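Below is work-v5.txt, which holds compact mmCIF, C-alpha atoms and all ligand atoms.
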```txt
# COMPACT_ATOMS: atom_id res chain seq x y z
CA MET D 179 90.18 163.21 57.63
CA SER D 180 88.91 162.13 54.23
CA GLU D 181 85.14 161.93 53.97
CA HIS D 182 85.41 158.66 52.06
CA LEU D 183 88.42 156.98 53.64
CA PRO D 184 87.96 156.94 57.43
CA LEU D 185 91.37 155.34 58.07
CA ASP D 186 93.30 157.41 55.53
CA GLY D 187 96.98 157.33 56.58
CA LYS D 188 96.24 155.65 59.93
CA ARG D 189 98.76 153.08 61.08
CA LEU D 190 97.07 149.94 62.36
CA VAL D 191 98.47 146.92 64.16
CA VAL D 192 96.18 143.87 64.02
CA THR D 193 96.82 140.51 65.72
CA GLY D 194 95.72 137.29 64.04
CA GLY D 195 95.25 138.94 60.66
CA ALA D 196 95.94 136.03 58.31
CA ARG D 197 92.45 134.52 58.41
CA GLY D 198 88.92 134.85 59.77
CA ILE D 199 87.75 138.09 61.36
CA GLY D 200 91.33 139.40 61.52
CA ALA D 201 91.76 139.04 57.76
CA GLY D 202 88.42 140.83 57.32
CA ILE D 203 89.71 143.70 59.46
CA VAL D 204 93.01 143.89 57.55
CA ARG D 205 91.20 143.95 54.19
CA LEU D 206 88.73 146.65 55.23
CA ALA D 207 91.42 148.76 56.92
CA LEU D 208 93.46 148.78 53.70
CA ARG D 209 90.30 149.62 51.72
CA GLN D 210 89.69 152.51 54.12
CA GLY D 211 93.19 153.93 53.55
CA ALA D 212 95.23 152.48 56.44
CA GLU D 213 98.81 151.29 56.64
CA VAL D 214 98.67 147.86 58.30
CA VAL D 215 101.00 145.49 60.11
CA PHE D 216 99.34 142.26 61.16
CA SER D 217 100.51 139.17 63.00
CA TYR D 218 100.22 135.51 62.12
CA HIS D 219 101.14 132.47 64.15
CA ARG D 220 100.44 129.19 62.34
CA SER D 221 99.07 130.65 59.09
CA ALA D 222 102.31 131.86 57.49
CA ASP D 223 101.23 130.90 53.96
CA ARG D 224 97.86 132.60 54.26
CA ALA D 225 99.56 135.70 55.68
CA ARG D 226 101.94 135.83 52.73
CA GLU D 227 99.09 135.37 50.23
CA LEU D 228 96.94 138.04 51.87
CA CYS D 229 99.83 140.53 51.88
CA ALA D 230 100.64 139.82 48.24
CA GLU D 231 96.98 140.33 47.24
CA LEU D 232 96.56 143.54 49.24
CA ARG D 233 99.87 145.04 48.14
CA ALA D 234 98.83 144.49 44.53
CA THR D 235 95.46 146.16 45.18
CA TYR D 236 96.81 149.02 47.31
CA PRO D 237 100.41 149.56 46.06
CA LYS D 238 100.80 152.91 47.87
CA GLN D 239 99.91 151.51 51.29
CA GLN D 240 101.91 149.30 53.60
CA CYS D 241 100.70 145.78 54.33
CA THR D 242 103.19 143.74 56.34
CA ALA D 243 102.77 140.38 58.08
CA LEU D 244 104.99 139.49 61.02
CA PRO D 245 105.06 136.40 63.23
CA ALA D 246 103.78 136.43 66.81
CA GLN D 247 102.69 133.83 69.33
CA VAL D 248 100.54 136.21 71.37
CA ALA D 249 100.45 133.97 74.44
CA ASP D 250 104.22 134.36 74.71
CA THR D 251 105.49 137.60 76.22
CA ASP D 252 108.81 137.68 74.34
CA SER D 253 107.30 136.77 70.98
CA ALA D 254 104.59 139.43 71.36
CA ALA D 255 107.18 142.03 72.41
CA ARG D 256 109.32 141.26 69.35
CA PHE D 257 106.23 141.60 67.15
CA ALA D 258 105.26 144.92 68.76
CA GLN D 259 108.78 146.32 68.32
CA ALA D 260 108.99 145.19 64.70
CA ALA D 261 105.52 146.62 63.99
CA LEU D 262 106.54 149.99 65.43
CA GLU D 263 109.70 149.98 63.32
CA ALA D 264 107.77 149.07 60.17
CA LEU D 265 105.07 151.70 60.67
CA GLY D 266 107.11 154.44 62.39
CA SER D 267 104.39 154.66 65.06
CA VAL D 268 100.90 153.36 65.68
CA ASP D 269 97.46 155.01 65.62
CA ALA D 270 95.35 151.97 66.46
CA LEU D 271 95.86 148.51 67.88
CA VAL D 272 93.34 145.75 67.23
CA ASN D 273 93.71 142.79 69.58
CA ASN D 274 91.89 140.12 67.57
CA ALA D 275 93.84 136.84 67.91
CA GLY D 276 91.96 134.24 69.92
CA VAL D 277 91.19 130.55 70.38
CA THR D 278 88.48 128.27 71.72
CA ARG D 279 89.31 125.12 73.70
CA ASP D 280 85.76 123.98 74.43
CA GLY D 281 84.70 121.24 76.80
CA VAL D 282 82.43 120.62 79.77
CA PHE D 283 84.03 122.16 82.81
CA ALA D 284 83.86 119.02 84.96
CA ARG D 285 86.21 117.31 82.52
CA MET D 286 88.24 120.33 81.40
CA ARG D 287 91.99 119.84 81.27
CA ARG D 288 94.19 122.47 82.85
CA GLU D 289 96.04 122.99 79.54
CA ASP D 290 92.77 123.84 77.76
CA TRP D 291 91.95 126.38 80.46
CA ASP D 292 95.45 127.85 80.24
CA GLU D 293 95.58 128.01 76.46
CA ALA D 294 92.28 129.89 76.18
CA VAL D 295 93.12 132.28 79.00
CA GLU D 296 96.73 132.90 78.02
CA THR D 297 95.95 133.42 74.34
CA ASN D 298 92.76 135.46 74.68
CA LEU D 299 93.34 137.39 77.89
CA GLY D 300 97.12 137.06 78.23
CA SER D 301 97.55 138.67 74.81
CA MET D 302 95.83 141.81 76.11
CA PHE D 303 98.94 142.25 78.26
CA THR D 304 101.64 140.81 76.00
CA VAL D 305 100.67 142.82 72.90
CA THR D 306 99.16 145.99 74.39
CA ARG D 307 101.83 146.63 77.02
CA PRO D 308 104.73 147.17 74.56
CA LEU D 309 102.60 149.37 72.26
CA VAL D 310 100.69 151.50 74.73
CA MET D 311 103.42 154.13 75.26
CA ALA D 312 103.58 154.78 71.53
CA LEU D 313 99.87 155.72 71.66
CA VAL D 314 100.17 157.68 74.89
CA ARG D 315 103.19 159.65 73.66
CA ARG D 316 101.16 160.92 70.71
CA ARG D 317 98.18 161.63 73.00
CA ALA D 318 95.92 160.07 70.37
CA GLY D 319 94.78 156.71 69.13
CA ALA D 320 92.56 153.77 69.75
CA ILE D 321 92.67 150.23 71.03
CA VAL D 322 89.96 147.81 69.90
CA ASN D 323 89.79 144.47 71.71
CA VAL D 324 87.82 141.57 70.22
CA THR D 325 85.87 139.86 72.97
CA SER D 326 82.72 137.74 72.41
CA SER D 327 79.00 137.61 73.21
CA VAL D 328 80.03 134.56 75.24
CA GLY D 329 82.10 136.84 77.48
CA ILE D 330 78.94 138.81 78.29
CA HIS D 331 76.32 136.07 78.47
CA GLY D 332 78.26 132.80 78.98
CA ALA D 333 77.74 129.55 77.06
CA PRO D 334 77.84 125.89 78.08
CA GLY D 335 81.11 124.14 77.31
CA GLN D 336 82.98 127.43 77.16
CA ALA D 337 83.83 128.27 80.78
CA ASN D 338 87.49 128.89 79.89
CA TYR D 339 86.66 130.95 76.80
CA ALA D 340 83.92 132.91 78.59
CA ALA D 341 86.26 133.69 81.50
CA SER D 342 88.97 134.92 79.14
CA LYS D 343 86.54 137.02 77.09
CA ALA D 344 84.87 138.50 80.19
CA GLY D 345 88.38 139.39 81.35
CA ILE D 346 88.92 141.32 78.12
CA ILE D 347 85.82 143.40 78.93
CA GLY D 348 87.12 144.31 82.40
CA PHE D 349 90.54 145.07 80.96
CA SER D 350 89.08 147.29 78.23
CA LYS D 351 86.91 149.29 80.65
CA ALA D 352 89.74 149.81 83.13
CA LEU D 353 92.25 150.81 80.44
CA ALA D 354 89.69 153.16 78.87
CA LYS D 355 89.47 155.05 82.18
CA GLU D 356 93.23 155.07 82.60
CA LEU D 357 93.98 156.37 79.10
CA ALA D 358 91.04 158.73 78.44
CA GLU D 359 92.85 161.82 79.72
CA LEU D 360 95.83 160.84 77.61
CA GLY D 361 93.76 160.92 74.42
CA VAL D 362 93.63 157.17 73.83
CA ARG D 363 90.28 155.37 73.48
CA VAL D 364 89.71 151.72 74.35
CA ASN D 365 86.64 149.73 73.27
CA ALA D 366 85.65 146.10 72.98
CA VAL D 367 83.75 144.45 70.13
CA ALA D 368 81.73 141.35 70.98
CA PRO D 369 80.87 139.20 67.95
CA GLY D 370 78.04 136.68 68.22
CA LEU D 371 78.29 133.83 65.72
CA ILE D 372 80.47 134.70 62.71
CA ALA D 373 81.24 132.32 59.84
CA THR D 374 84.99 131.53 60.21
CA ASP D 375 87.16 128.48 60.91
CA MET D 376 86.34 128.98 64.59
CA THR D 377 82.65 128.24 64.05
CA ALA D 378 83.07 125.80 61.13
CA GLY D 379 83.36 122.88 63.53
CA ILE D 380 80.07 123.45 65.35
CA PRO D 381 77.87 120.36 64.80
CA PRO D 382 74.98 121.12 62.35
CA GLU D 383 72.23 120.35 64.89
CA ARG D 384 73.82 122.71 67.45
CA LEU D 385 74.19 125.36 64.73
CA GLU D 386 70.49 125.07 63.84
CA GLU D 387 69.59 125.45 67.49
CA ILE D 388 71.74 128.62 67.78
CA LYS D 389 70.34 130.05 64.52
CA LYS D 390 66.84 129.88 66.02
CA ARG D 391 68.04 132.44 68.57
CA ILE D 392 69.31 134.83 65.87
CA PRO D 393 66.38 136.96 64.60
CA GLY D 394 67.77 136.98 61.02
CA ARG D 395 68.42 133.19 61.26
CA ARG D 396 71.94 133.51 59.82
CA LEU D 397 75.55 133.77 60.95
CA GLY D 398 77.39 137.05 60.55
CA GLY D 399 80.21 137.60 58.07
CA VAL D 400 83.70 138.82 58.93
CA GLU D 401 82.93 142.19 57.29
CA ASP D 402 80.08 142.73 59.74
CA VAL D 403 82.64 142.76 62.56
CA ALA D 404 85.35 144.53 60.56
CA HIS D 405 83.13 147.56 59.88
CA LEU D 406 82.63 148.19 63.59
CA VAL D 407 86.30 147.57 64.42
CA CYS D 408 87.46 149.99 61.72
CA PHE D 409 84.91 152.58 62.83
CA LEU D 410 86.11 152.35 66.45
CA ALA D 411 89.73 152.57 65.28
CA SER D 412 88.96 155.74 63.30
CA ASP D 413 88.58 159.33 64.48
CA ARG D 414 84.88 159.08 63.67
CA ALA D 415 84.53 157.27 67.00
CA ARG D 416 86.43 160.01 68.85
CA TYR D 417 83.79 160.35 71.62
CA ILE D 418 83.36 156.61 72.17
CA THR D 419 85.45 154.88 74.81
CA GLY D 420 85.02 152.17 77.45
CA GLN D 421 82.20 150.51 75.50
CA VAL D 422 81.41 146.90 74.68
CA ILE D 423 79.43 146.59 71.45
CA GLU D 424 77.88 143.33 70.27
CA VAL D 425 77.83 142.38 66.58
CA SER D 426 75.51 139.41 66.84
CA GLY D 427 72.47 139.99 64.63
CA GLY D 428 70.47 140.30 67.85
CA LEU D 429 71.39 136.80 69.14
CA VAL D 430 69.26 136.05 72.18
CA HIS D 431 70.99 134.22 75.05
N1 LIG V 501 83.90 133.46 64.83
C1 LIG V 501 83.08 133.79 65.81
O1 LIG V 501 81.89 133.42 65.82
C2 LIG V 501 83.57 134.62 66.97
C3 LIG V 501 82.63 135.00 67.92
C4 LIG V 501 83.03 135.78 68.99
C5 LIG V 501 84.34 136.18 69.09
N2 LIG V 501 85.25 135.79 68.16
C6 LIG V 501 86.63 136.23 68.35
O2 LIG V 501 87.11 136.85 67.19
C7 LIG V 501 88.52 136.67 67.10
C8 LIG V 501 88.86 136.08 65.74
O3 LIG V 501 88.17 134.84 65.63
P1 LIG V 501 87.96 134.07 64.25
O4 LIG V 501 86.57 133.60 64.23
O5 LIG V 501 88.51 134.86 63.13
O6 LIG V 501 88.88 132.79 64.54
P2 LIG V 501 89.81 131.94 63.61
O7 LIG V 501 89.32 131.96 62.21
O8 LIG V 501 89.99 130.64 64.32
O9 LIG V 501 91.19 132.75 63.66
C9 LIG V 501 91.91 132.87 64.86
C10 LIG V 501 93.03 133.87 64.65
O10 LIG V 501 93.74 133.99 65.90
C11 LIG V 501 95.11 133.73 65.67
N3 LIG V 501 95.69 133.06 66.82
C12 LIG V 501 95.16 132.05 67.53
N4 LIG V 501 95.99 131.68 68.51
C13 LIG V 501 97.07 132.48 68.43
C14 LIG V 501 98.29 132.59 69.17
N5 LIG V 501 98.54 131.82 70.23
N6 LIG V 501 99.18 133.54 68.78
C15 LIG V 501 98.93 134.32 67.74
N7 LIG V 501 97.81 134.28 66.99
C16 LIG V 501 96.90 133.36 67.34
C17 LIG V 501 95.17 132.84 64.44
O11 LIG V 501 96.43 132.98 63.83
P3 LIG V 501 97.13 131.80 62.96
O12 LIG V 501 96.07 131.20 62.08
O13 LIG V 501 98.20 132.51 62.20
O14 LIG V 501 97.72 130.82 63.94
C18 LIG V 501 94.03 133.40 63.60
O15 LIG V 501 94.46 134.52 62.87
C19 LIG V 501 88.92 135.78 68.27
O16 LIG V 501 89.38 136.57 69.33
C20 LIG V 501 87.60 135.11 68.63
O17 LIG V 501 87.58 134.70 69.98
C21 LIG V 501 84.89 135.01 67.10
```
Target format structure tokens, applied to this file:
Amino acid sequence: MSEHLPLDGKRLVVTGGARGIGAGIVRLALRQGAEVVFSYHRSADRARELCAELRATYPKQQCTALPAQVADTDSAARFAQAALEALGSVDALVNNAGVTRDGVFARMRREDWDEAVETNLGSMFTVTRPLVMALVRRRAGAIVNVTSSVGIHGAPGQANYAASKAGIIGFSKALAKELAELGVRVNAVAPGLIATDMTAGIPPERLEEIKKRIPGRRLGGVEDVAHLVCFLASDRARYITGQVIEVSGGLVH
């Protein structure tokens, strides 16, 4: 393992890599020496642009974008298969893709519940299941699942999102116990409030109110999350499994 490049030669699969936190993870993984396949769903143009930029910067490393609707079992399976073919195998999977479908629970529509749960929690099955044997066969590797502070603490207007993100925590802890003896680590990263498209729509007065509960009074950046994800994906985290780690600037709930 290179002292300077913690992901040197590691093959990473990242879901939702075209923008936001996922794009931050893809960028940092390449910078840290990884070969990366990431998925996009609606952001095909951004995926293409990101790949072009990163291939120009890191010409010796692979950066490939492939389509996947992670809520759909067949689409996710096709993505997983294509990712394995592109990389040869996989050393780390980062389940990052996710959505919010906020609303007060008393008026929540079933489709908003389903979309949040099937995208955020369903993808833990649809993407991880077809890739897990590749990790187990090598008796090495890491899975990093992106949950949320909301999955730990809850938040009004986010019952569907909180349920899906809490589910990711249970899934990660159970899978960590199942795979530990097989050499595969599983951890969850729980961002607080990070500046991306997902948080861009929060009304300014609500944002100010939330900022008062962050000791540093500012939102996090995608790199703040990416550094922890890449660390957990690397061998430097070899004795860390079954953990949920918040990246929230100390956000108080
Ligand atoms: N931002 C925050 O404050 C925050 C806080 C806690 C947790 N998180 C979590 O961090 C992760 C990334 O969030 P973000 O802030 O980067 O959000 P974002 O900017 O809205 O990006 C969402 C990503 O998820 C992908 N995605 C959404 N639905 C998908 C689907 N059905 N199939 C495949 N891909 C899908 C999108 O892909 P396309 O654009 O290609 O469709 C996009 O890459 C999510 O799991 C989110 O819940 C974010």
Within 6 Å of ligand LIG 501 (chain V), counting only C-alpha atoms and all ligand atoms: which residues, as a PyMOL selection string?
chain D and resi 194-200+218-221+246-249+274-277+297+324-326+369-377
Residues within 12 Å of (71.6, 126.8, 67.8), file coordinates, counting all atoms listed in the file: what are they? Give the list as a count of residues only.
24
Top pick for closest residue to D:Gln259, considering D:Ala354, D:Ala404, D:Met311, D:Leu185 and counting only C-alpha atoms:
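Among the listed residues, the smallest separation from D:Gln259 belongs to D:Met311.
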For D:Asn338, which residue among D:Ala318, D:Leu262, D:Met286, D:Val400 is the nearest when counting all atoms listed in the file?
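When distances to D:Asn338 are compared using all atoms listed in the file, the smallest one comes from D:Met286.
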When you count all atoms listed in the file, which of these residues is closest to D:Pro184: D:Val364, D:Leu309, D:Val422, D:Ala415?
D:Ala415
With distances taken over only C-alpha atoms, which residue among D:Ile203, D:Leu190, D:Ile423, D:Val314 lies nearest D:Ala264?
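Going through D:Ile203, D:Leu190, D:Ile423, D:Val314 one by one, the smallest distance to D:Ala264 is for D:Leu190.
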With distances taken over all atoms listed in the file, which residue among D:Val282, D:Val367, D:Val215, D:Cys241 lies nearest D:Ala344?
D:Val367
Exercise: D:Ala255 partners within 8 Å, all atoms listed in the file, chain neighbours under 5 positions left out, as a list in words:
Thr304, Val305 and Pro308 of chain D
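Here atom CA of D:Ala411 is placed at a distance of 10.0 Å from atom CA of D:Arg189.
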What gap, in Å, lies between atom CA of D:Cys408 and atom CA of D:Ala222?
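That distance, rounded to one decimal, is 23.8 Å.
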What is the distance between atom CA of D:Val295 and atom CA of D:Lys351, in Å to one decimal?
18.2 Å
Mind checking which residues fall within 6 Å of D:Ala340, counting only C-alpha atoms, ignoring those fewer than 4 positions away in the same chain, and posting them as number ranges by chain?
D: 328-329, 332, 336, 344
